[in-house]
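Have a look at input-v3.txt below; it lists compact mmCIF, C-alpha atoms.
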```
# COMPACT_ATOMS: atom_id res chain seq x y z
CA MET A 1 0.00 0.00 0.00
CA GLN A 2 1.36 3.38 -0.98
CA GLN A 3 1.85 6.21 1.45
CA ARG A 4 -0.78 8.24 -0.39
CA ASP A 5 -3.32 5.48 0.09
CA LYS A 6 -2.65 5.43 3.81
CA TYR A 7 -3.40 9.12 3.99
CA ARG A 8 -6.61 8.61 2.07
CA LEU A 9 -7.70 5.78 4.31
CA ALA A 10 -6.99 7.90 7.38
CA LEU A 11 -9.05 10.70 5.86
CA LEU A 12 -11.91 8.32 5.04
CA ALA A 13 -11.79 6.89 8.57
CA ALA A 14 -11.97 10.42 9.96
CA CYS A 15 -15.01 11.13 7.77
CA ALA A 16 -16.65 7.92 8.96
CA ILE A 17 -16.03 8.78 12.63
CA ALA A 18 -17.40 12.29 12.10
CA LEU A 19 -20.56 11.01 10.42
CA HIS A 20 -20.94 8.31 13.08
CA GLY A 21 -20.68 10.89 15.84
CA PHE A 22 -22.72 13.67 14.33
CA GLU A 23 -25.69 11.56 13.29
CA ARG A 24 -26.42 11.08 16.97
CA LEU A 25 -27.36 14.77 17.05
CA ILE A 26 -30.16 14.32 14.51
CA PRO A 27 -33.40 14.12 16.45
CA ALA A 28 -35.25 10.87 15.87
CA PRO A 29 -38.64 9.68 17.08
CA ILE A 30 -37.10 6.47 18.43
CA PRO A 31 -33.85 6.78 20.40
CA TRP A 32 -31.96 3.92 18.74
CA LEU A 33 -32.99 4.90 15.21
CA ARG A 34 -29.91 5.91 13.23
CA PHE A 35 -29.32 6.73 9.62
CA GLY A 36 -26.04 4.85 9.40
CA PHE A 37 -24.34 7.54 7.33
CA ALA A 38 -20.96 6.00 8.14
CA ASN A 39 -21.92 3.21 5.76
CA ILE A 40 -21.56 5.71 2.90
CA ILE A 41 -17.84 5.91 3.68
CA THR A 42 -17.55 2.16 4.13
CA LEU A 43 -19.15 1.53 0.74
CA ILE A 44 -16.99 4.07 -1.07
CA THR A 45 -13.89 2.54 0.50
CA LEU A 46 -15.06 -0.95 -0.40
CA SER A 47 -15.58 -0.10 -4.06
CA PHE A 48 -12.40 2.00 -4.46
CA TYR A 49 -9.89 0.19 -2.22
CA GLY A 50 -11.29 -3.30 -1.59
CA PHE A 51 -12.29 -5.40 1.38
CA ASN A 52 -9.24 -5.01 3.66
CA ALA A 53 -9.34 -1.23 3.54
CA ALA A 54 -13.09 -1.16 4.22
CA LEU A 55 -12.71 -3.55 7.14
CA THR A 56 -9.91 -1.42 8.58
CA ILE A 57 -12.00 1.71 8.31
CA THR A 58 -15.03 0.06 9.89
CA LEU A 59 -12.97 -1.20 12.83
CA ILE A 60 -11.29 2.20 13.32
CA ARG A 61 -14.67 3.90 13.14
CA ILE A 62 -16.28 1.61 15.70
CA LEU A 63 -13.34 1.67 18.12
CA ILE A 64 -12.61 5.40 18.04
CA GLY A 65 -16.26 6.37 17.60
CA SER A 66 -17.26 4.44 20.72
CA MET A 67 -14.37 5.94 22.69
CA LEU A 68 -15.48 9.45 21.68
CA ILE A 69 -19.09 8.83 22.62
CA GLY A 70 -18.16 6.89 25.73
CA THR A 71 -19.73 3.53 24.97
CA PHE A 72 -16.47 1.63 24.50
CA LEU A 73 -16.90 -2.05 25.51
CA GLY A 74 -20.45 -1.27 26.61
CA PRO A 75 -23.62 -2.82 25.16
CA PRO A 76 -23.95 -0.29 22.28
CA PHE A 77 -20.34 -1.05 21.35
CA VAL A 78 -21.01 -4.79 21.06
CA MET A 79 -24.13 -4.13 18.98
CA SER A 80 -22.22 -1.71 16.80
CA LEU A 81 -19.37 -4.15 16.27
CA ALA A 82 -21.69 -7.03 15.40
CA GLY A 83 -23.63 -4.88 12.96
CA GLY A 84 -20.51 -3.44 11.37
CA LEU A 85 -18.82 -6.81 10.82
CA PHE A 86 -22.00 -8.41 9.50
CA SER A 87 -22.67 -5.62 7.04
CA ILE A 88 -19.11 -5.40 5.74
CA ALA A 89 -18.97 -9.16 5.17
CA ALA A 90 -22.33 -9.11 3.37
CA MET A 91 -21.43 -6.12 1.22
CA TRP A 92 -18.11 -7.70 0.27
CA ALA A 93 -19.86 -10.94 -0.73
CA ALA A 94 -22.35 -8.88 -2.75
CA THR A 95 -19.60 -7.02 -4.60
CA ARG A 96 -18.15 -10.39 -5.65
CA LEU A 97 -21.48 -11.26 -7.28
CA ARG A 98 -21.15 -8.17 -9.52
CA LEU A 99 -24.92 -7.87 -9.80
CA PHE A 100 -25.56 -4.88 -7.61
CA GLY A 101 -24.79 -1.20 -7.93
CA PRO A 102 -24.15 1.11 -4.97
CA LEU A 103 -27.86 1.27 -4.11
CA GLY A 104 -28.19 -2.51 -3.85
CA LEU A 105 -24.97 -2.77 -1.84
CA SER A 106 -26.19 -0.09 0.54
CA LEU A 107 -29.48 -1.94 1.00
CA ILE A 108 -27.65 -5.21 1.69
CA GLY A 109 -25.33 -3.42 4.10
CA ALA A 110 -28.24 -1.86 6.00
CA LEU A 111 -30.11 -5.17 6.11
CA PHE A 112 -27.17 -7.16 7.47
CA HIS A 113 -26.17 -4.39 9.87
CA ASN A 114 -29.62 -4.63 11.43
CA LEU A 115 -29.60 -8.43 11.37
CA GLY A 116 -26.24 -8.45 13.13
CA GLN A 117 -27.48 -6.04 15.75
CA LEU A 118 -30.64 -8.04 16.32
CA LEU A 119 -28.61 -11.25 16.68
CA ALA A 120 -26.20 -9.59 19.12
CA GLY A 121 -29.10 -8.05 21.00
CA TYR A 122 -30.82 -11.41 21.26
CA ALA A 123 -27.66 -13.28 22.27
CA ILE A 124 -26.55 -10.82 24.94
CA PHE A 125 -29.45 -8.73 26.20
CA ILE A 126 -33.06 -9.65 25.50
CA GLN A 127 -33.45 -13.40 25.38
CA ASN A 128 -37.05 -13.05 24.38
CA LEU A 129 -37.62 -14.32 20.87
CA TYR A 130 -41.12 -12.85 20.79
CA SER A 131 -40.09 -9.22 21.26
CA ILE A 132 -37.22 -9.66 18.79
CA LEU A 133 -39.64 -11.05 16.18
CA ILE A 134 -42.05 -8.17 16.70
CA LEU A 135 -39.28 -5.61 16.58
CA ALA A 136 -37.31 -7.05 13.64
CA PRO A 137 -39.66 -6.13 10.75
CA VAL A 138 -39.96 -2.54 11.95
CA ILE A 139 -36.19 -2.17 12.28
CA LEU A 140 -35.56 -3.82 8.92
CA PHE A 141 -38.17 -1.61 7.23
CA ILE A 142 -36.61 1.57 8.60
CA GLY A 143 -33.23 0.11 7.64
CA THR A 144 -34.42 -0.24 4.04
CA LEU A 145 -35.48 3.41 4.01
CA THR A 146 -32.14 4.64 5.34
CA GLY A 147 -30.40 2.19 3.01
CA VAL A 148 -32.01 3.91 0.00
CA LEU A 149 -30.93 7.32 1.30
CA ASN A 150 -27.35 6.16 1.87
CA GLY A 151 -27.24 4.35 -1.47
CA LEU A 152 -28.24 7.50 -3.35
CA ALA A 153 -25.66 9.46 -1.35
CA VAL A 154 -23.00 6.90 -2.33
CA ILE A 155 -23.86 7.19 -6.04
CA PHE A 156 -23.78 10.98 -5.75
CA THR A 157 -20.42 11.01 -3.97
CA MET A 158 -18.79 8.42 -6.23
CA GLU A 159 -19.81 10.17 -9.43
CA HIS A 160 -18.32 13.38 -8.07
CA LEU A 161 -15.11 11.66 -7.01
CA LYS A 162 -14.72 10.09 -10.44
CA LYS A 163 -14.95 13.53 -12.06
CA MET A 164 -12.16 14.94 -9.93
CA PRO A 165 -8.83 15.56 -11.73
CA ASP A 166 -6.76 13.61 -9.23
CA ASN A 167 -8.46 10.30 -9.81
CA VAL A 168 -9.17 8.70 -6.45
CA GLN A 169 -9.66 5.17 -7.64
CA ASN A 170 -6.71 4.92 -10.04
CA ASN A 171 -4.31 3.04 -7.75
CA ARG A 172 -6.43 0.34 -6.26
CA MET B 1 -27.24 16.12 -10.03
CA LYS B 2 -30.94 15.39 -10.11
CA ILE B 3 -32.59 12.49 -8.33
CA THR B 4 -33.62 10.98 -11.68
CA GLU B 5 -29.96 10.94 -12.70
CA LEU B 6 -29.04 9.13 -9.50
CA ILE B 7 -31.67 6.50 -10.22
CA GLY B 8 -30.05 6.02 -13.63
CA TYR B 9 -26.98 4.58 -11.89
CA THR B 10 -28.91 1.73 -10.29
CA THR B 11 -28.92 -1.73 -11.81
CA LEU B 12 -31.93 -3.94 -12.39
CA PHE B 13 -30.95 -6.08 -9.39
CA ASP B 14 -30.84 -2.99 -7.20
CA ARG B 15 -34.43 -2.14 -8.03
CA VAL B 16 -35.61 -5.73 -7.64
CA LEU B 17 -33.89 -5.94 -4.25
CA LEU B 18 -35.39 -2.60 -3.17
CA VAL B 19 -38.94 -3.60 -4.07
CA PHE B 20 -38.43 -7.05 -2.55
CA LEU B 21 -37.13 -5.66 0.76
CA PHE B 22 -39.93 -3.12 1.01
CA CYS B 23 -42.56 -5.77 0.32
CA VAL B 24 -41.12 -8.36 2.72
CA THR B 25 -40.46 -6.00 5.63
CA GLY B 26 -43.68 -4.07 5.10
CA ALA B 27 -45.72 -7.24 4.96
CA SER B 28 -44.02 -8.75 7.99
CA ILE B 29 -44.71 -5.63 10.06
CA VAL B 30 -48.39 -6.41 9.52
CA LEU B 31 -48.25 -10.21 9.46
CA VAL B 32 -45.83 -11.12 12.25
CA PRO B 33 -48.03 -9.82 15.10
CA VAL B 34 -51.03 -11.59 13.54
CA TYR B 35 -49.31 -14.96 13.32
CA LEU B 36 -47.72 -14.62 16.74
CA PRO B 37 -50.92 -14.20 18.74
CA HIS B 38 -49.64 -15.87 21.91
CA GLY B 39 -47.37 -13.06 22.86
CA GLY B 40 -49.57 -11.69 25.57
CA GLN B 41 -48.84 -11.41 29.21
CA VAL B 42 -50.25 -13.34 32.07
CA ARG B 43 -51.23 -11.45 35.16
CA ILE B 44 -51.65 -13.55 38.24
CA GLU B 45 -53.46 -11.78 41.05
CA VAL B 46 -54.10 -13.05 44.53
CA ASP B 47 -56.52 -11.06 46.73
CA ASN B 48 -56.58 -8.39 43.99
CA LYS B 49 -52.86 -7.90 44.43
CA LEU B 50 -50.62 -8.44 41.41
CA LEU B 51 -48.18 -11.25 42.19
CA TYR B 52 -46.75 -12.13 38.81
CA LYS B 53 -46.64 -10.56 35.37
CA LEU B 54 -45.24 -13.18 33.02
CA SER B 55 -44.76 -13.59 29.31
CA LEU B 56 -46.84 -16.27 27.61
CA SER B 57 -43.93 -17.15 25.37
CA GLU B 58 -41.84 -18.62 28.19
CA ASP B 59 -42.74 -22.05 29.46
CA LYS B 60 -43.00 -22.12 33.21
CA ILE B 61 -44.65 -23.82 36.16
CA ILE B 62 -45.53 -21.63 39.13
CA PRO B 63 -46.95 -22.85 42.44
CA ILE B 64 -49.26 -20.31 44.11
CA GLY B 65 -50.67 -21.45 47.40
CA GLY B 66 -52.74 -24.54 46.61
CA LEU B 67 -52.59 -23.92 42.86
CA THR B 68 -50.13 -24.96 40.24
CA VAL B 69 -50.17 -22.65 37.23
CA GLN B 70 -48.55 -23.86 34.05
CA ILE B 71 -47.52 -21.77 31.04
CA LYS B 72 -46.67 -23.68 27.90
CA GLY B 73 -46.70 -22.98 24.18
CA GLY B 74 -48.36 -19.58 24.51
CA LYS B 75 -51.18 -20.89 26.69
CA VAL B 76 -51.82 -20.99 30.39
CA ARG B 77 -53.76 -23.37 32.61
CA VAL B 78 -54.22 -24.37 36.20
CA ALA B 79 -52.56 -27.79 36.28
CA ASP B 80 -53.63 -28.66 39.79
CA SER B 81 -55.63 -27.12 42.60
CA ASP B 82 -56.69 -28.00 46.13
CA CYS B 83 -60.05 -26.25 45.83
CA PRO B 84 -63.23 -28.38 46.05
CA GLY B 85 -64.90 -27.67 42.69
CA LYS B 86 -61.77 -27.63 40.53
CA VAL B 87 -63.54 -25.35 38.06
CA CYS B 88 -60.25 -23.68 37.30
CA VAL B 89 -58.57 -26.98 36.39
CA LYS B 90 -61.50 -28.03 34.21
CA GLN B 91 -61.27 -24.80 32.26
CA GLY B 92 -58.06 -26.12 30.76
CA TRP B 93 -55.65 -24.21 28.51
CA ILE B 94 -56.52 -20.62 27.64
CA ASP B 95 -54.74 -18.03 25.49
CA SER B 96 -57.25 -15.25 26.10
CA GLY B 97 -59.69 -14.27 28.80
CA ALA B 98 -59.20 -15.34 32.38
CA ILE B 99 -59.24 -18.20 34.85
CA ILE B 100 -60.60 -17.35 38.28
CA CYS B 101 -60.30 -19.61 41.28
CA LEU B 102 -62.59 -18.14 43.89
CA PRO B 103 -61.72 -20.41 46.83
CA ASN B 104 -58.06 -19.51 46.48
CA ARG B 105 -58.82 -15.90 45.46
CA VAL B 106 -56.58 -16.29 42.45
CA ALA B 107 -57.23 -14.53 39.14
CA ILE B 108 -55.19 -15.41 36.08
CA THR B 109 -55.71 -12.96 33.23
CA VAL B 110 -54.21 -13.01 29.76
CA GLU B 111 -53.78 -9.58 28.23
CA GLY B 112 -52.24 -7.95 25.23
CA ALA B 113 -52.96 -10.88 22.92
CA ALA B 114 -56.03 -11.20 20.72
CA PRO B 115 -58.52 -8.30 20.86
CA ALA B 116 -61.14 -10.73 22.12
CA ALA B 117 -59.21 -11.00 25.37
CA LYS B 118 -60.17 -7.44 26.23
CA GLY B 119 -63.92 -8.05 26.13
CA VAL B 120 -65.75 -8.61 29.37
CA ASP B 121 -66.91 -12.18 29.83
CA ALA B 122 -70.20 -12.11 31.68
CA THR B 123 -70.17 -15.78 32.64
CA THR B 124 -67.01 -15.66 34.70
```
As structure tokens, how would this structure be written, given the file I've shared?
Amino acid sequence: MQQRDKYRLALLAACAIALHGFERLIPAPIPWLRFGFANIITLITLSFYGFNAALTITLIRILIGSMLIGTFLGPPFVMSLAGGLFSIAAMWAATRLRLFGPLGLSLIGALFHNLGQLLAGYAIFIQNLYSILILAPVILFIGTLTGVLNGLAVIFTMEHLKKMPDNVQNNR
Amino acid sequence: MKITELIGYTTLFDRVLLVFLFCVTGASIVLVPVYLPHGGQVRIEVDNKLLYKLSLSEDKIIPIGGLTVQIKGGKVRVADSDCPGKVCVKQGWIDSGAIICLPNRVAITVEGAAPAAKGVDATT
């Protein structure tokens, strides 16, 4: 990996942490409802730099993000980690299929992020299958909505990056 | 960049996946609570005082005085009782309504399940 790429990854990780932190400030009707804007950065990294870089950025984002917010090693941290790892694995598998564009990848990422969180939540906190089953469709539905938003944002950002003179994706 | 331009960058599979996810999650929001009707709670009151508030989805056997209350498979029953009439035992498994054992002053009510459970039953 070139030095320049390291700088870019650091910058992308910083963007992801900022989005992760600032989206907590957006008022939401349900406290644990998040937009998952950090997934925009993860997806861009995944399509420009590949799986390892995206995994690195996700781990940096979750570790440093949780330390900034103060949930490090707490329950939200475990949920966040489970969701992040699930979604990155699913999105990577989906890129290998070469069927989906950014929107589809974002939807898959949102879906598996929520599935991972639900699984972690069930395994660690609420061992009540009934409430998980009632909650899951609502969470997954909202996740689809935010997935569409993020997917459109990814398309928007990537088209702009491709137009830039210093081509970001040229040294993958 | 207009929103229609953004949509131009999506593939066919993206759109199929989007519609599929919306349909499945939207439908399951409506259907899951319907097909999981035994998710109510059991209130067990003795002398009009609430002793237990339990979920119907967890199997359990609770002894209360002379009664043995059993929760299994989303239903509740009085498995055994020391009262003379044993009306409560004969009532069997219920997933809505209530079982009242007057001699022991025990009332077992199922709530939050089917809407029918909220109606007043004149015979009990």
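Among the candidates B:Ser55, B:Thr10, B:Thr4, B:Gln91, the residue lying nearest to chain A is B:Thr10 (atoms considered: all atoms listed in the file).
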**Study point:** Residue among A:Ala10, A:Leu145, A:Ile57, A:Leu85 lying closest to Leu33 (chain A), counting all atoms listed in the file
**Key:** A:Leu145
What are the residues of chain B lining chain A at 9 Å or less? Count all atoms listed in the file, and put the answer as a PDB file with C-alpha atoms, in the coordinates of the input.
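Writing done, so here's selection.pdb:
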```pdb
ATOM      1  CA  MET B   1     -27.240  16.120 -10.030  1.00  0.00           C
ATOM      2  CA  ILE B   3     -32.590  12.490  -8.330  1.00  0.00           C
ATOM      3  CA  LEU B   6     -29.040   9.130  -9.500  1.00  0.00           C
ATOM      4  CA  ILE B   7     -31.670   6.500 -10.220  1.00  0.00           C
ATOM      5  CA  TYR B   9     -26.980   4.580 -11.890  1.00  0.00           C
ATOM      6  CA  THR B  10     -28.910   1.730 -10.290  1.00  0.00           C
ATOM      7  CA  THR B  11     -28.920  -1.730 -11.810  1.00  0.00           C
ATOM      8  CA  LEU B  12     -31.930  -3.940 -12.390  1.00  0.00           C
ATOM      9  CA  PHE B  13     -30.950  -6.080  -9.390  1.00  0.00           C
ATOM     10  CA  ASP B  14     -30.840  -2.990  -7.200  1.00  0.00           C
ATOM     11  CA  ARG B  15     -34.430  -2.140  -8.030  1.00  0.00           C
ATOM     12  CA  VAL B  16     -35.610  -5.730  -7.640  1.00  0.00           C
ATOM     13  CA  LEU B  17     -33.890  -5.940  -4.250  1.00  0.00           C
ATOM     14  CA  LEU B  18     -35.390  -2.600  -3.170  1.00  0.00           C
ATOM     15  CA  LEU B  21     -37.130  -5.660   0.760  1.00  0.00           C
ATOM     16  CA  PHE B  22     -39.930  -3.120   1.010  1.00  0.00           C
ATOM     17  CA  VAL B  24     -41.120  -8.360   2.720  1.00  0.00           C
ATOM     18  CA  THR B  25     -40.460  -6.000   5.630  1.00  0.00           C
ATOM     19  CA  GLY B  26     -43.680  -4.070   5.100  1.00  0.00           C
ATOM     20  CA  ALA B  27     -45.720  -7.240   4.960  1.00  0.00           C
ATOM     21  CA  SER B  28     -44.020  -8.750   7.990  1.00  0.00           C
ATOM     22  CA  ILE B  29     -44.710  -5.630  10.060  1.00  0.00           C
ATOM     23  CA  VAL B  30     -48.390  -6.410   9.520  1.00  0.00           C
ATOM     24  CA  VAL B  32     -45.830 -11.120  12.250  1.00  0.00           C
ATOM     25  CA  PRO B  33     -48.030  -9.820  15.100  1.00  0.00           C
ATOM     26  CA  LEU B  36     -47.720 -14.620  16.740  1.00  0.00           C
ATOM     27  CA  GLY B  39     -47.370 -13.060  22.860  1.00  0.00           C
ATOM     28  CA  SER B  57     -43.930 -17.150  25.370  1.00  0.00           C
ATOM     29  CA  GLU B  58     -41.840 -18.620  28.190  1.00  0.00           C
TER      30      GLU B  58
END
```
Revision key, fill the gap. A straight line from CA of Lys60 (chain B) to CA of Met79 (chain A) spans 29.7 Å
Review point. What is the CA of Gly73 (chain B) to CA of Asp59 (chain B) distance in Å?
Key: 6.7 Å
Which residues are near Ala93 (chain A)? Cut-off 12 Å, all atoms listed in the file, ignore same chain within fewer than 4 positions. Put them as a tab-separated table (two decimals) with C-alpha atoms, keeping the file's coordinate frame.
```tsv
chain	number	residue	atom	x	y	z
A	46	LEU	CA	-15.06	-0.95	-0.40
A	50	GLY	CA	-11.29	-3.30	-1.59
A	51	PHE	CA	-12.29	-5.40	1.38
A	86	PHE	CA	-22.00	-8.41	9.50
A	87	SER	CA	-22.67	-5.62	7.04
A	88	ILE	CA	-19.11	-5.40	5.74
A	89	ALA	CA	-18.97	-9.16	5.17
A	97	LEU	CA	-21.48	-11.26	-7.28
A	98	ARG	CA	-21.15	-8.17	-9.52
A	99	LEU	CA	-24.92	-7.87	-9.80
A	100	PHE	CA	-25.56	-4.88	-7.61
A	105	LEU	CA	-24.97	-2.77	-1.84
A	108	ILE	CA	-27.65	-5.21	1.69
A	109	GLY	CA	-25.33	-3.42	4.10
A	112	PHE	CA	-27.17	-7.16	7.47
```
Study note, to complete from the structure: Correct to one decimal, the distance CA of Ala16 (chain A)-CA of Thr42 (chain A) is 7.6 Å
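Nearest-residue note for Asp95 (chain B): choosing from B:Val78, B:Leu31, B:Cys83, B:Leu56, the minimum distance belongs to B:Leu56, counting only C-alpha atoms.
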Point to revise | Ala120 (chain A) surroundings by all atoms listed in the file, 9 Å radius, close-in-sequence under 4 positions cut, as a VMD selection string | key: chain A and resid 78 to 79 82 to 83 115 to 116 124 to 125
Fewer than 2 positions away in the same chain doesn't count, so skip those; otherwise give me all residues within 8 Å of Gly92 (chain B), counting only C-alpha atoms, as a short mmCIF file (atom, residue, chain, number, x, y, z; two decimals) with C-alpha atoms, in the frame of the given file.
```cif
data_model
loop_
_atom_site.label_atom_id
_atom_site.label_comp_id
_atom_site.auth_asym_id
_atom_site.auth_seq_id
_atom_site.Cartn_x
_atom_site.Cartn_y
_atom_site.Cartn_z
CA ARG B 77 -53.76 -23.37 32.61
CA VAL B 78 -54.22 -24.37 36.20
CA ALA B 79 -52.56 -27.79 36.28
CA CYS B 88 -60.25 -23.68 37.30
CA VAL B 89 -58.57 -26.98 36.39
CA LYS B 90 -61.50 -28.03 34.21
CA ILE B 94 -56.52 -20.62 27.64
#
```
So which residues touch Leu51 (chain B) within 12 Å, counting all atoms listed in the file, skipping near sequence neighbours fewer than 5 positions away, as a PDB file with C-alpha atoms, in the frame of the given file?
```pdb
ATOM      1  CA  VAL B  42     -50.250 -13.340  32.070  1.00  0.00           C
ATOM      2  CA  ARG B  43     -51.230 -11.450  35.160  1.00  0.00           C
ATOM      3  CA  ILE B  44     -51.650 -13.550  38.240  1.00  0.00           C
ATOM      4  CA  GLU B  45     -53.460 -11.780  41.050  1.00  0.00           C
ATOM      5  CA  VAL B  46     -54.100 -13.050  44.530  1.00  0.00           C
ATOM      6  CA  ILE B  62     -45.530 -21.630  39.130  1.00  0.00           C
ATOM      7  CA  PRO B  63     -46.950 -22.850  42.440  1.00  0.00           C
ATOM      8  CA  ILE B  64     -49.260 -20.310  44.110  1.00  0.00           C
ATOM      9  CA  GLY B  65     -50.670 -21.450  47.400  1.00  0.00           C
ATOM     10  CA  VAL B 106     -56.580 -16.290  42.450  1.00  0.00           C
ATOM     11  CA  ALA B 107     -57.230 -14.530  39.140  1.00  0.00           C
ATOM     12  CA  ILE B 108     -55.190 -15.410  36.080  1.00  0.00           C
ATOM     13  CA  THR B 109     -55.710 -12.960  33.230  1.00  0.00           C
TER      14      THR B 109
END
```
